[in-house]
Amino acid sequence: MLSKTTLPLIALSGWLLLGNASADLKVATLHPLMTDLANKVGGGKVTVVSLLKPGSDPHDFQPSPADLARVRDAGVILASGKGLEPYLPKLRDNLAAGQKIVEVGRTIPSIRVSAGDQLFICCPAHASGGIDPHWWHSVSGMKRATRVVAEEFAAADPANAGSYSAGAAAYTAQLDALDGWIRGQFARIPRNDRKLCTAHLAFGYLCRDYGFRALPVQGLSRESSPSPGYLAETINAIKREKVRAIFPENIANPKVLQAMVAQTGVKQGQTLIADGTGTGSAATYEGMMRQNVGRIVASLAP
């Protein structure tokens with residue numbers, strides 16, 4: 001690795017000049033899971049600047065002028081995509097020539113919400129037809145994202161393409177092992193008990209991949225407050241479907257779910273990380289998935 005004193009100068013236009021195989025590629029990330037992915041694929045060949053810290057709420061984040069200053073010399077900016085970052089058009093307007101925003105989730109098949117796909121959906125006008133942006137709850141989706149990031153890094157920094165390919169291959173092997181572990185854990189839960197009741201519809205990709213049905217109390221958005229009529233219908237659905245546990249989320253208001261617990265007698269599970277912004281051991285993708293799966297199994301397995 002070249003020392004900082006021998007690295008090429010960064011041009012005012014925002015380009016990071018790449019002259020040899022050991023030069024760094026500067027990458028900015030707009031989600032903690034994209035930070036983890038950039039580090040897994042890029043290894044020592046990338047310098048990663050993370051704008052959204054672990055534990056933060058990606059739904060409320062807006063880049064500040066200071067954030068824009070931090071990314072102005074990043075060759076690649078990784079976003080989760082699928083509408084999770086509504087500020088991307090504004091951010092693009094502030095980029096220098098040569099910088100590229102990569103919406104990592106764009107090429108991953110989307111789940112469109114429909115009443116027939118879910119155990120229960122809030123008002124159809126709000127949820128039906130919407131795209132679930134929480135694609136990272138699919139390990140197969142994260143494997144595809146790994147390939148996307150490796151290709152984008154190689155395009156921006158061709159001299160280190162082999163390193164990015166190797167990083168992607170190594171991480172894909174880890175994800176294969178993670179998927180096998182998850183399937184083994186969920187095999188402990190009877191099919192009839194695979195009903196995931198959470199605050200908002202964030203776990204659709206996990207439910208699709210591992211044979212669960214989703215019961216979101218607040219639909220796609222945590223900002224929307226369910227009406228009394230919706231709450232009453234949800235309580236009836238929880239009782240009718242014999243849901244075994246209700247799971248709060250790490251950055252969601254727990255009051256609605258606590259009311260559900262009180263009115264149904266269903267036990268409250270441990271908190272799940274819905275938006276991929278865990279802390280501590282759950283700050284990485286694998287750590288987050290293992291924590292969520294372990295908590296689901298602890299409440300739903302006999």
# chains A, B, ... in the order shown; residues from 1 in each chain; ligands from 1

call {"tool": "residues_around", "arguments": {"residues": "Thr146 (chain A)", "least_positions_apart": "5", "cutoff": "9 Å", "atoms": "only C-alpha atoms", "output": "list in words"}}
result
Leu37, Ala38, Lys40, Val41, Val104, Gly141, Glu151, Ala168, Ala169, Tyr171 and Thr172 of chain A

call {"tool": "write_last_selection", "arguments": {"atoms": "C-alpha atoms", "output": "PDB file, in the first residue's frame"}}
result
ATOM      1  CA  LEU A  37     -20.354  -4.885   2.078  1.00  0.00           C
ATOM      2  CA  ALA A  38     -17.818  -2.375   0.737  1.00  0.00           C
ATOM      3  CA  LYS A  40     -15.897  -7.202   2.591  1.00  0.00           C
ATOM      4  CA  VAL A  41     -15.453  -6.779  -1.164  1.00  0.00           C
ATOM      5  CA  VAL A 104     -26.978  -1.698  -4.949  1.00  0.00           C
ATOM      6  CA  GLY A 141     -30.127 -10.838  -2.474  1.00  0.00           C
ATOM      7  CA  GLU A 151     -18.201  -5.096 -10.670  1.00  0.00           C
ATOM      8  CA  ALA A 168     -16.508 -11.052  -3.538  1.00  0.00           C
ATOM      9  CA  ALA A 169     -15.839 -14.781  -3.896  1.00  0.00           C
ATOM     10  CA  TYR A 171     -17.702 -13.188   1.008  1.00  0.00           C
ATOM     11  CA  THR A 172     -20.102 -15.207  -1.154  1.00  0.00           C
TER      12      THR A 172
END

call {"tool": "select_by_dssp", "arguments": {"residues": "region 19-180 of chain A", "states": "strand (DSSP E or B)", "output": "MDAnalysis selection string"}}
result
chainID A and resid 25:29 46:50 76:79 100:103 111:112 131:132

call {"tool": "closest_residue", "arguments": {"among": "A:Lys53, A:Ala199, A:Ser110, A:Val297", "to": "Lys255 (chain A)", "atoms": "only C-alpha atoms"}}
result
A:Ala199

call {"tool": "residues_around", "arguments": {"residues": "Gly184 (chain A)", "least_positions_apart": "3", "cutoff": "12 Å", "atoms": "only C-alpha atoms", "output": "number ranges by chain"}}
result
A: 177-181, 187-189, 210, 290, 293-294, 297

call {"tool": "residues_around", "arguments": {"residues": "Leu30 (chain A)", "least_positions_apart": "6", "cutoff": "7 Å", "atoms": "only C-alpha atoms", "output": "VMD selection string"}}
result
chain A and resid 50 to 52 78 to 79

call {"tool": "residues_around", "arguments": {"residues": "Pro54 (chain A)", "least_positions_apart": "6", "cutoff": "9 Å", "atoms": "only C-alpha atoms", "output": "PyMOL selection string"}}
result
chain A and resi 31-33+276-280+283

call {"tool": "select_by_dssp", "arguments": {"residues": "region 96-228 of chain A", "states": "helix (DSSP H, G or I)", "output": "ChimeraX atom specification"}}
result
/A:104-107,115-117,124-127,135-137,139-156,158-186,191-193,204-210,228

call {"tool": "residues_around", "arguments": {"residues": "Ala156 (chain A)", "least_positions_apart": "5", "cutoff": "8 Å", "atoms": "only C-alpha atoms", "output": "list in words"}}
result
Leu25, Gly75 and Val76 of chain A

call {"tool": "closest_residue", "arguments": {"among": "A:Asn160, A:Ala282, A:Arg244, A:Arg213", "to": "Gly265 (chain A)", "atoms": "only C-alpha atoms"}}
result
A:Arg244
